[in-house]
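Novice: Below: one structure in structure tokens.
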Amino acid sequence: MTVLIRSLLLLLASCAITAQAADTGWLRNAQNNHAEVRLRSASHNDNQQLLLDIRLQPGWKTYWRTPGEGGVAPEIRWQTPEVKAQWFWPAPERFDVSGLTTQGYKGDITLPIELAKLSSQQLAGTLTLSTCSDVCILTDFPFSLDLTQPADADFARDFAEAMGRIPAASGLTDQLDASFVNGELQIRAQRQGGWQQPELFFDYPQGSMLAAPQISVKGDTLSARVAVTDEWGEAAPDLRGKTLSLVVADGGIAQQSTIHIGAEVLVSGDGAQTFWSVLLLALLGGLILNLMPCVLPVLAIKLSSLVQQQGQTQRQTRQQFLASSAGIIFSFLLLALLMTGLRLSGQALGWGIQFQSSGFLLVMVLVMFLFSASLFDLLHFRLPSGLNTKLATQGGDGLLGHFGQGAFATLLATPCSAPFLGTAVAYALTAPLPQLWLLFVALGVGMSLPWLLVAALPGMARCLPRPGRWMVHLRSVLGLFMLLATFWLVTLLVPHWGSTFALVLAGVLLAVLCGWLVKRRALQQAGVVFITLTLAGALFLMTRITPEEETLHWQPLTEAAIHQALEQDKRVFVDVTADWCITCKVNKSRVLNQPDVRAALKADDVVLLRGDWTQPDPAIGEFLRRRDRVAIPFNQIYGPALPQGQILSPLLSREAVISTLSEAKK
């Protein structure tokens, strides 16, 4: 009996030791009535177990161990330096606000913490908790736990339940791989039972930021693509060879994994159905590109081709327009080659980015000037290169000139973004290389459809009036149009080499052309050219000088500026533009400079953010890529009622801008 009593006493004593606990009760802060916290503790073997209970009011959230692009993870500053704590984190949720992705919790959440053996009977510190809704608040909760206090009867059960919500080390995926390809993180996961509503949450590798993953499921395979930037939102660091910590969750089950990041392609696309639909969009986008305002400089080339059909056979007409169509498609193949090279080198991609190159602009100025000279009947020659491209085809039936017309028509059309074009190009620039090339071929075929129509029905090209002197005058008018396009290209060199260089170059070209015409005794043409270009230059200078009272107050475009404006319940109008984007200038003149639109943009609660893509800017390229866009103009409106933002059509309308700004209000 004595032995039995002693055994019972020893058992009760050991239970008392393992059941010792402390409880702060619910802590509140007068400056934050949206959250309350509670800390409880109990000894377990040689360690101390701690539960951090957090209650949040509806609409509020706090953050995971890796908060994402905004927010701060919960943290405890211990008064005793000897405290060594290991936090355990349940699988979080993802929140996306104004283009920023964060990872965290809402409602009630319990975080279990284990502390190494403590020598003190007091545990004190300050919990810093970040909570966010429309605004974010950092709140300190000082606490002190008396570890000699009686045990909480529910602590052991609550701690076991909290640990049960922590992602396991295995059990969800059969195989999990990661790779870094062309500036994006790719994830592939296999699960024998298939996937229901999978989610991925990442611990960001050092020096990088990861956007929300684009997840697709096919059978037992999950594929995800994740945009990567550095911590400043610029070009992605190279993640190959590094390790990635992530949580995979699906159907209430979560798995914590740490995997090596390879370099092989894991995600090959979004399926054949998506590809064929995007291929159709590419055809439509290429066709609509013929109607965009940036095609105006190309109009001279097209009309010149039609004029030359007078007196030609149907066979010759068909061959010439087929050659022009081949030039268009060939030019799109060159663009595909350019995009492939940039993609393999990890450079920024975008539609029309060749106009960011001063060298390309200078070459185009010279080529356009030679086109103008040929239309004024001043020049007929072949390039000395092996290509032997004929720039002017007056009086000739050679096909190389028509081929060159189609090629240059495409290059001059690329500063514009047409409906459907941006979607197709955005898909192409992230798709496997074979799909990229097919989509660019589809764009070329779409743009050449009107030319192919004339080739199929060559009689259409000869519906013009009978040949006569009017053809000479028309060629002069077309030459004047081409010359205006040439001097527009000269203005695009101002951001690169300054206004002085552009003025000198324009003056030299004007003097050369007028002198050439005078030498040929075309005095009337020389006078028209001089007066027209002088007036055009004066008009250009006048448009560059905007009265102060008419100036809209634009601020630099950043993700942080959007987020800050939304936190202040303001509306945001985003405008990404460039000097070489003709559609941007049309939008500005036809919509943004109209009195009713300007009045709406000048409202006190409207923040205007503008990104200038005239020259290469990785931050703007990444901004567009996060929104699945690679072409400009790009306009987006945010507001309390549109926290995710609404993207507007490339061709703006006054009604769309005003109505969307109104919808963005609370």
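Simple scheme: letters A, B, ... for chains in structure tokens order, numbers from 1 for residues in each chain, numbers from 1 for ligands in the order shown.
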Need to verify the contact set: Ala160 (chain A), 12 Å, only C-alpha atoms, exclusion of same-chain residues closer than 4 positions in sequence. Can you return it as a short mmCIF file (atom, residue, chain, number, x, y, z; two decimals) with all heavy atoms, in the first residue's frame?
Specialist:
data_model
loop_
_atom_site.label_atom_id
_atom_site.label_comp_id
_atom_site.auth_asym_id
_atom_site.auth_seq_id
_atom_site.Cartn_x
_atom_site.Cartn_y
_atom_site.Cartn_z
N GLN A 49 5.90 25.52 -24.06
CA GLN A 49 5.00 25.69 -25.19
C GLN A 49 4.21 26.98 -25.03
O GLN A 49 3.80 27.34 -23.92
CB GLN A 49 4.05 24.50 -25.30
CG GLN A 49 4.75 23.18 -25.63
CD GLN A 49 3.78 22.01 -25.66
OE1 GLN A 49 2.71 22.05 -25.04
NE2 GLN A 49 4.16 20.96 -26.37
N LEU A 50 3.99 27.67 -26.16
CA LEU A 50 3.32 28.96 -26.14
C LEU A 50 2.29 28.99 -27.27
O LEU A 50 2.56 28.53 -28.38
CB LEU A 50 4.35 30.08 -26.33
CG LEU A 50 3.86 31.52 -26.16
CD1 LEU A 50 3.48 31.80 -24.71
CD2 LEU A 50 4.96 32.50 -26.60
N LEU A 51 1.11 29.51 -26.98
CA LEU A 51 0.08 29.71 -27.99
C LEU A 51 -0.22 31.20 -28.12
O LEU A 51 -0.48 31.87 -27.12
CB LEU A 51 -1.21 28.97 -27.62
CG LEU A 51 -1.22 27.45 -27.82
CD1 LEU A 51 -2.54 26.86 -27.32
CD2 LEU A 51 -1.01 27.08 -29.28
N THR A 110 -4.48 30.86 -34.55
CA THR A 110 -3.62 30.50 -33.43
C THR A 110 -2.28 30.05 -33.96
O THR A 110 -2.21 29.16 -34.81
CB THR A 110 -4.25 29.38 -32.59
OG1 THR A 110 -5.49 29.84 -32.03
CG2 THR A 110 -3.32 28.97 -31.46
N LEU A 111 -1.22 30.67 -33.44
CA LEU A 111 0.15 30.33 -33.85
C LEU A 111 0.85 29.63 -32.69
O LEU A 111 1.06 30.24 -31.62
CB LEU A 111 0.93 31.59 -34.24
CG LEU A 111 0.33 32.46 -35.35
CD1 LEU A 111 1.22 33.68 -35.58
CD2 LEU A 111 0.19 31.67 -36.63
N PRO A 112 1.22 28.36 -32.84
CA PRO A 112 1.98 27.67 -31.78
C PRO A 112 3.46 28.03 -31.85
O PRO A 112 4.03 28.21 -32.93
CB PRO A 112 1.76 26.19 -32.09
CG PRO A 112 1.42 26.14 -33.54
CD PRO A 112 0.82 27.46 -33.93
N ILE A 113 4.07 28.15 -30.68
CA ILE A 113 5.49 28.51 -30.57
C ILE A 113 6.11 27.60 -29.51
O ILE A 113 5.50 27.34 -28.47
CB ILE A 113 5.66 29.99 -30.16
CG1 ILE A 113 4.91 30.91 -31.13
CG2 ILE A 113 7.13 30.37 -30.10
CD1 ILE A 113 4.87 32.36 -30.68
N ASP A 154 -7.51 23.51 -20.98
CA ASP A 154 -7.68 23.29 -22.41
C ASP A 154 -6.38 23.47 -23.20
O ASP A 154 -6.38 23.32 -24.43
CB ASP A 154 -8.71 24.27 -22.98
CG ASP A 154 -10.09 24.07 -22.36
OD1 ASP A 154 -10.40 22.91 -22.02
OD2 ASP A 154 -10.84 25.06 -22.23
N PHE A 155 -5.29 23.79 -22.52
CA PHE A 155 -4.08 24.16 -23.25
C PHE A 155 -3.55 23.00 -24.09
O PHE A 155 -3.22 23.18 -25.28
CB PHE A 155 -2.99 24.64 -22.29
CG PHE A 155 -1.73 25.08 -22.99
CD1 PHE A 155 -1.59 26.39 -23.40
CD2 PHE A 155 -0.70 24.18 -23.25
CE1 PHE A 155 -0.44 26.80 -24.07
CE2 PHE A 155 0.44 24.59 -23.92
CZ PHE A 155 0.57 25.90 -24.33
N ALA A 156 -3.43 21.82 -23.50
CA ALA A 156 -2.85 20.68 -24.23
C ALA A 156 -3.67 20.37 -25.49
O ALA A 156 -3.11 20.13 -26.56
CB ALA A 156 -2.77 19.46 -23.32
N GLY A 164 -1.84 20.59 -35.41
CA GLY A 164 -2.47 19.80 -36.47
C GLY A 164 -2.75 20.60 -37.73
O GLY A 164 -2.96 20.03 -38.81
N ARG A 165 -2.76 21.93 -37.61
CA ARG A 165 -2.99 22.78 -38.78
C ARG A 165 -1.68 23.18 -39.47
O ARG A 165 -1.71 23.85 -40.49
CB ARG A 165 -3.73 24.05 -38.37
CG ARG A 165 -5.10 23.79 -37.73
CD ARG A 165 -5.86 25.10 -37.53
NE ARG A 165 -7.06 24.88 -36.74
CZ ARG A 165 -7.16 25.09 -35.43
NH1 ARG A 165 -6.09 25.55 -34.77
NH2 ARG A 165 -8.27 24.87 -34.78
N ILE A 166 -0.55 22.79 -38.90
CA ILE A 166 0.74 23.13 -39.49
C ILE A 166 1.00 22.19 -40.67
O ILE A 166 0.80 20.98 -40.56
CB ILE A 166 1.87 23.01 -38.44
CG1 ILE A 166 1.53 23.87 -37.22
CG2 ILE A 166 3.20 23.42 -39.05
CD1 ILE A 166 1.28 25.33 -37.53
#
Novice: Quick one: residues within 7 Å of region 100-102 of chain A, only C-alpha atoms, excluding same-chain residues fewer than 4 positions away - as a list in words?
Specialist: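 So the residues in contact are Pro67, Gly68, Glu69, Gly70, Arg94, Phe95, Asp96, Ala211 and Ala212 of chain A.
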Novice: Keeping all heavy atoms, export the residues of the selection given above as a PDB file, in the first residue's frame.
Specialist:
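Output saved as result_1.pdb:
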ATOM      1  N   PRO A  67       5.341  37.900 -45.577  1.00  0.00           N
ATOM      2  CA  PRO A  67       4.114  38.668 -45.832  1.00  0.00           C
ATOM      3  C   PRO A  67       3.814  38.867 -47.315  1.00  0.00           C
ATOM      4  O   PRO A  67       2.670  39.021 -47.698  1.00  0.00           O
ATOM      5  CB  PRO A  67       4.389  40.012 -45.147  1.00  0.00           C
ATOM      6  CG  PRO A  67       5.521  39.753 -44.208  1.00  0.00           C
ATOM      7  CD  PRO A  67       6.332  38.682 -44.832  1.00  0.00           C
ATOM      8  N   GLY A  68       4.837  38.899 -48.155  1.00  0.00           N
ATOM      9  CA  GLY A  68       4.619  39.195 -49.570  1.00  0.00           C
ATOM     10  C   GLY A  68       5.150  40.569 -49.911  1.00  0.00           C
ATOM     11  O   GLY A  68       6.158  41.033 -49.365  1.00  0.00           O
ATOM     12  N   GLU A  69       4.432  41.255 -50.814  1.00  0.00           N
ATOM     13  CA  GLU A  69       4.896  42.557 -51.290  1.00  0.00           C
ATOM     14  C   GLU A  69       4.511  43.703 -50.355  1.00  0.00           C
ATOM     15  O   GLU A  69       4.801  44.860 -50.642  1.00  0.00           O
ATOM     16  CB  GLU A  69       4.340  42.809 -52.693  1.00  0.00           C
ATOM     17  CG  GLU A  69       4.866  41.815 -53.714  1.00  0.00           C
ATOM     18  CD  GLU A  69       4.239  42.005 -55.071  1.00  0.00           C
ATOM     19  OE1 GLU A  69       3.016  41.822 -55.200  1.00  0.00           O
ATOM     20  OE2 GLU A  69       4.971  42.338 -56.013  1.00  0.00           O
ATOM     21  N   GLY A  70       3.836  43.408 -49.273  1.00  0.00           N
ATOM     22  CA  GLY A  70       3.475  44.429 -48.291  1.00  0.00           C
ATOM     23  C   GLY A  70       3.194  43.750 -46.959  1.00  0.00           C
ATOM     24  O   GLY A  70       2.963  42.550 -46.878  1.00  0.00           O
ATOM     25  N   ARG A  94      -4.035  34.081 -49.669  1.00  0.00           N
ATOM     26  CA  ARG A  94      -3.400  35.103 -50.501  1.00  0.00           C
ATOM     27  C   ARG A  94      -4.370  36.254 -50.689  1.00  0.00           C
ATOM     28  O   ARG A  94      -5.547  36.052 -50.970  1.00  0.00           O
ATOM     29  CB  ARG A  94      -2.978  34.522 -51.850  1.00  0.00           C
ATOM     30  CG  ARG A  94      -2.353  35.576 -52.773  1.00  0.00           C
ATOM     31  CD  ARG A  94      -1.696  34.962 -53.982  1.00  0.00           C
ATOM     32  NE  ARG A  94      -0.398  34.373 -53.649  1.00  0.00           N
ATOM     33  CZ  ARG A  94      -0.181  33.079 -53.485  1.00  0.00           C
ATOM     34  NH1 ARG A  94      -1.164  32.214 -53.665  1.00  0.00           N
ATOM     35  NH2 ARG A  94       1.010  32.613 -53.158  1.00  0.00           N
ATOM     36  N   PHE A  95      -3.854  37.473 -50.537  1.00  0.00           N
ATOM     37  CA  PHE A  95      -4.648  38.683 -50.734  1.00  0.00           C
ATOM     38  C   PHE A  95      -3.973  39.515 -51.823  1.00  0.00           C
ATOM     39  O   PHE A  95      -2.770  39.747 -51.777  1.00  0.00           O
ATOM     40  CB  PHE A  95      -4.735  39.500 -49.438  1.00  0.00           C
ATOM     41  CG  PHE A  95      -5.216  38.708 -48.252  1.00  0.00           C
ATOM     42  CD1 PHE A  95      -4.318  38.194 -47.321  1.00  0.00           C
ATOM     43  CD2 PHE A  95      -6.565  38.462 -48.075  1.00  0.00           C
ATOM     44  CE1 PHE A  95      -4.757  37.469 -46.233  1.00  0.00           C
ATOM     45  CE2 PHE A  95      -7.015  37.735 -46.980  1.00  0.00           C
ATOM     46  CZ  PHE A  95      -6.108  37.229 -46.056  1.00  0.00           C
ATOM     47  N   ASP A  96      -4.745  39.958 -52.807  1.00  0.00           N
ATOM     48  CA  ASP A  96      -4.232  40.788 -53.891  1.00  0.00           C
ATOM     49  C   ASP A  96      -4.952  42.127 -53.867  1.00  0.00           C
ATOM     50  O   ASP A  96      -6.177  42.184 -53.995  1.00  0.00           O
ATOM     51  CB  ASP A  96      -4.439  40.117 -55.246  1.00  0.00           C
ATOM     52  CG  ASP A  96      -3.580  38.869 -55.394  1.00  0.00           C
ATOM     53  OD1 ASP A  96      -2.361  38.994 -55.246  1.00  0.00           O
ATOM     54  OD2 ASP A  96      -4.134  37.778 -55.636  1.00  0.00           O
ATOM     55  N   ALA A 211       5.397  37.124 -57.515  1.00  0.00           N
ATOM     56  CA  ALA A 211       4.007  37.508 -57.706  1.00  0.00           C
ATOM     57  C   ALA A 211       3.104  36.311 -57.438  1.00  0.00           C
ATOM     58  O   ALA A 211       3.568  35.192 -57.195  1.00  0.00           O
ATOM     59  CB  ALA A 211       3.791  38.036 -59.126  1.00  0.00           C
ATOM     60  N   ALA A 212       1.788  36.548 -57.470  1.00  0.00           N
ATOM     61  CA  ALA A 212       0.830  35.462 -57.297  1.00  0.00           C
ATOM     62  C   ALA A 212       0.998  34.455 -58.432  1.00  0.00           C
ATOM     63  O   ALA A 212       1.149  34.838 -59.599  1.00  0.00           O
ATOM     64  CB  ALA A 212      -0.592  36.004 -57.281  1.00  0.00           C
TER      65      ALA A 212
END
Novice: Tell me which protein, DNA and RNA residues are within 8 Å of region 127-138 of chain A, counting only C-alpha atoms, leaving out same-chain ones fewer than 4 positions away, and put them as a ChimeraX atom specification.
Specialist: /A:32,35,59-63,71-77,142-143,566-569
Novice: What does the distance between CA of Arg191 (chain A) and CA of Thr173 (chain A) come to in Å, to one decimal place?
Specialist: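 Calculated distance between CA of Arg191 (chain A) and CA of Thr173 (chain A) is 5.0 Å.
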Novice: Write out as a ChimeraX atom specification the residues lying within 8 Å of region 511-524 of chain A, counting only C-alpha atoms and excluding same-chain residues fewer than 6 positions away.
Specialist: /A:373,378,530
Novice: In region 432-632 of chain A, what's alpha helix (DSSP H) per DSSP? Answer as JSON, numbers by chain?
Specialist: {"A": [433, 434, 435, 436, 437, 438, 439, 440, 441, 442, 443, 444, 445, 446, 447, 448, 449, 450, 451, 452, 453, 454, 455, 456, 470, 471, 472, 473, 474, 475, 476, 477, 478, 479, 480, 481, 482, 483, 484, 485, 486, 487, 488, 489, 490, 491, 494, 495, 496, 497, 498, 499, 500, 501, 502, 503, 504, 505, 506, 507, 508, 509, 510, 511, 512, 513, 514, 515, 516, 517, 518, 519, 523, 524, 525, 526, 527, 528, 529, 530, 531, 532, 533, 534, 535, 536, 537, 538, 539, 540, 541, 542, 543, 544, 559, 560, 561, 562, 563, 564, 565, 566, 567, 582, 583, 584, 585, 586, 587, 595, 596, 597, 598, 599, 600, 601, 618, 619, 620, 621, 622, 623, 624, 625, 626]}
Novice: Find, counting only C-alpha atoms, the residue in A:Phe141, A:Trp232, A:Trp89, A:Trp437 that gets nearest to Ser208 (chain A).
Specialist: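 Selected residue with least distance to Ser208 (chain A): A:Trp232.
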